[in-house]
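Participant: Let me begin by handing over the structure; questions about it come next.
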Amino acid sequence: MTRSVTVRVPAKVNVQLAVGAARPDGFHDLANVFLAVGMYDEVTATPADALRVTCSGPDAGLVPLDATNLAARAAIALAERHGIAPDVHLHIAKDIPVAGGMAGGSADGAAALLACDALWGTGAGREELLALCAELGSDVPFSLTGGAALGVGRGERLTPAEVGGTFHWVFAVADGGLSTPAVYGEFDRLTAGTQVPEPTASAALLAALRTGDTAALADALSNDLQAAALSLRPSLADTLAAGTAAGALAALVSGSGPTTAFLTDGEESARKVADALLTSGTCRDARVATSPAAGATVL
């Protein structure tokens with residue numbers, strides 16, 4: 001038996017997040033354009049006498065190590081599907097911000113699925129893994145596939161999107177996290193009594209990705225959850241302003257936040273924006289990364 005398997009998995013940024021009204025099941029229909037970025041967690045699966053989760057890296061103390069962790073839930077789901085015991089030690093080496101709107105937890109779930117599949121030799125095909133991902137959470141399937149994709153439904157039904165170039169980003173990490181359910185709840189409060197349009201993907205945005213046109217992508221970025229995130233965390237407006245003043249082509253809250261994303265016109269500009277954000281005092285860290293990035297990959 002393989003003694004351990006390590007899987008590397010990327011963070012994501014939502015270059016478009018169009019949110020519909022709340023459904024009867026409490027979820028929202030989305031038109032969610034995901035872009036994987038080169039900021040990674042690594043999950044290592046090793047045989048053990050029982051399921052155990054450990055974590056290292058920035059903010060590791062904020063990561064739950066019980067059965068609520070998506071990596072643990074992934075191992076349990078795969079084991080149940082194949083009639084085996086989920087006896088595995090999962091170690092998460094965190095580098096994606098925790099509760100930051102970059103799908104770090106979802107990434108760990110996808111990585112754990114792939115790692116346990118390889119460790120146990122379950123032979124799960126791509127479709128089975130994607131189905132398990134969708135059961136685990138709305139962002140988990142994209143963490144498995146990477147690249148770029150349009151997600152509809154809750155965001156779990158994916159259509160790959162073509163990317164014709166490299167995009168340069170800066171991600172400003174805020175102090176503390178934001179609860180995704182709380183941000184959606186605030187979205188519902190802010191839109192109560194209004195006609196929330198059906199979410200649709202932006203043709204201009206998909207064309208900008210396809211052609212690698214940074215300026216066009218900057219013009220097309222949008223996030224319907226941004227107002228809700230700013231309502232819950234008004235200080236994010238200062239971070240967005242600082243990055244824009246430093247030369248970012250566009251700025252937006254990443255997903256449900258509180259990480260903020262800044263699109264720049266190249267590596268040099270990205271480093272300048274990151275330096276300005278760090279000295280502005282409006283964020284805890286500023287990270288430079290490029291996209292697209294590959295999905296969950298066995299190392």
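Chain lettering (A, B, ...) mirrors the order of the structure tokens, residue numbering begins at 1 for each chain separately, and ligand numbering begins at 1 in order of display.
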Looking only at the backbone, which of the residues in stretch 46-284 of chain A does DSSP tag as strand (DSSP E or B), as a PyMOL selection string?
Facilitator: chain A and resi 46-47+52-56+88-93+146+148-153+157-160+167-173+222-223+250-253+260-264
Participant: Skipping near chain neighbours, those fewer than 5 positions away, what residues fall within 8 Å of A:Ala111 using only C-alpha atoms, listed as an NGL selection string?
Facilitator: :A and (7-9 or 42-43 or 71 or 143-144 or 296-297)
Participant: Using only C-alpha atoms for the distances, tell me which of A:Arg233, A:Arg210, A:His91, A:His168 is nearest to A:Val288.
Facilitator: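 Nearest candidate to A:Val288 out of A:Arg233, A:Arg210, A:His91, A:His168: A:His168.
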Participant: For A:Leu78, find every residue with an atom within 9 Å (counting only C-alpha atoms), except residues of its own chain fewer than 3 positions away, and show them as a PDB file with N, CA, C and O atoms, in the first residue's frame.
Facilitator:
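The result, stored in around.pdb:
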ATOM      1  N   ARG A  73     -14.905  15.221   6.047  1.00  0.00           N
ATOM      2  CA  ARG A  73     -16.185  14.823   5.433  1.00  0.00           C
ATOM      3  C   ARG A  73     -15.961  14.147   4.089  1.00  0.00           C
ATOM      4  O   ARG A  73     -16.682  13.213   3.718  1.00  0.00           O
ATOM      5  N   ALA A  74     -14.958  14.606   3.349  1.00  0.00           N
ATOM      6  CA  ALA A  74     -14.635  13.999   2.056  1.00  0.00           C
ATOM      7  C   ALA A  74     -14.162  12.560   2.238  1.00  0.00           C
ATOM      8  O   ALA A  74     -14.592  11.652   1.511  1.00  0.00           O
ATOM      9  N   ALA A  75     -13.278  12.347   3.222  1.00  0.00           N
ATOM     10  CA  ALA A  75     -12.779  10.996   3.476  1.00  0.00           C
ATOM     11  C   ALA A  75     -13.918  10.066   3.877  1.00  0.00           C
ATOM     12  O   ALA A  75     -14.012   8.922   3.397  1.00  0.00           O
ATOM     13  N   ARG A  81     -18.956   5.341   0.345  1.00  0.00           N
ATOM     14  CA  ARG A  81     -19.313   4.946  -1.020  1.00  0.00           C
ATOM     15  C   ARG A  81     -18.702   3.582  -1.385  1.00  0.00           C
ATOM     16  O   ARG A  81     -19.288   2.814  -2.149  1.00  0.00           O
ATOM     17  N   HIS A  82     -17.518   3.303  -0.826  1.00  0.00           N
ATOM     18  CA  HIS A  82     -16.814   2.070  -1.203  1.00  0.00           C
ATOM     19  C   HIS A  82     -16.800   1.022  -0.102  1.00  0.00           C
ATOM     20  O   HIS A  82     -16.087   0.026  -0.201  1.00  0.00           O
ATOM     21  N   GLY A  83     -17.577   1.260   0.970  1.00  0.00           N
ATOM     22  CA  GLY A  83     -17.741   0.251   1.989  1.00  0.00           C
ATOM     23  C   GLY A  83     -16.482  -0.047   2.789  1.00  0.00           C
ATOM     24  O   GLY A  83     -16.248  -1.196   3.178  1.00  0.00           O
ATOM     25  N   ILE A  84     -15.685   0.980   3.033  1.00  0.00           N
ATOM     26  CA  ILE A  84     -14.465   0.793   3.822  1.00  0.00           C
ATOM     27  C   ILE A  84     -14.470   1.778   4.995  1.00  0.00           C
ATOM     28  O   ILE A  84     -15.276   2.714   5.038  1.00  0.00           O
ATOM     29  N   PRO A  86     -12.992   4.878   7.136  1.00  0.00           N
ATOM     30  CA  PRO A  86     -12.225   6.088   6.798  1.00  0.00           C
ATOM     31  C   PRO A  86     -11.022   6.262   7.722  1.00  0.00           C
ATOM     32  O   PRO A  86     -10.853   7.299   8.367  1.00  0.00           O
ATOM     33  N   LEU A 113     -10.401  14.171  -1.083  1.00  0.00           N
ATOM     34  CA  LEU A 113     -11.046  13.148  -1.915  1.00  0.00           C
ATOM     35  C   LEU A 113     -10.036  12.494  -2.849  1.00  0.00           C
ATOM     36  O   LEU A 113      -9.955  11.259  -2.951  1.00  0.00           O
ATOM     37  N   CYS A 116      -7.343  10.461  -0.806  1.00  0.00           N
ATOM     38  CA  CYS A 116      -7.852   9.194  -0.252  1.00  0.00           C
ATOM     39  C   CYS A 116      -8.147   8.195  -1.367  1.00  0.00           C
ATOM     40  O   CYS A 116      -7.912   6.983  -1.209  1.00  0.00           O
ATOM     41  N   ASP A 117      -8.644   8.683  -2.492  1.00  0.00           N
ATOM     42  CA  ASP A 117      -8.886   7.797  -3.636  1.00  0.00           C
ATOM     43  C   ASP A 117      -7.584   7.121  -4.063  1.00  0.00           C
ATOM     44  O   ASP A 117      -7.539   5.908  -4.301  1.00  0.00           O
ATOM     45  N   THR A 122      -9.373   3.230  -4.475  1.00  0.00           N
ATOM     46  CA  THR A 122     -10.805   3.028  -4.713  1.00  0.00           C
ATOM     47  C   THR A 122     -11.166   3.122  -6.197  1.00  0.00           C
ATOM     48  O   THR A 122     -12.233   2.669  -6.605  1.00  0.00           O
ATOM     49  N   ALA A 124     -12.064   5.585  -8.025  1.00  0.00           N
ATOM     50  CA  ALA A 124     -13.193   6.465  -8.362  1.00  0.00           C
ATOM     51  C   ALA A 124     -12.859   7.248  -9.632  1.00  0.00           C
ATOM     52  O   ALA A 124     -11.779   7.824  -9.747  1.00  0.00           O
ATOM     53  N   LEU A 129     -15.982  11.373  -8.485  1.00  0.00           N
ATOM     54  CA  LEU A 129     -15.340  12.362  -7.618  1.00  0.00           C
ATOM     55  C   LEU A 129     -16.081  13.700  -7.676  1.00  0.00           C
ATOM     56  O   LEU A 129     -16.308  14.345  -6.653  1.00  0.00           O
ATOM     57  N   LEU A 132     -19.301  13.458  -5.681  1.00  0.00           N
ATOM     58  CA  LEU A 132     -19.020  13.545  -4.249  1.00  0.00           C
ATOM     59  C   LEU A 132     -18.688  14.979  -3.866  1.00  0.00           C
ATOM     60  O   LEU A 132     -19.116  15.479  -2.821  1.00  0.00           O
TER      61      LEU A 132
END
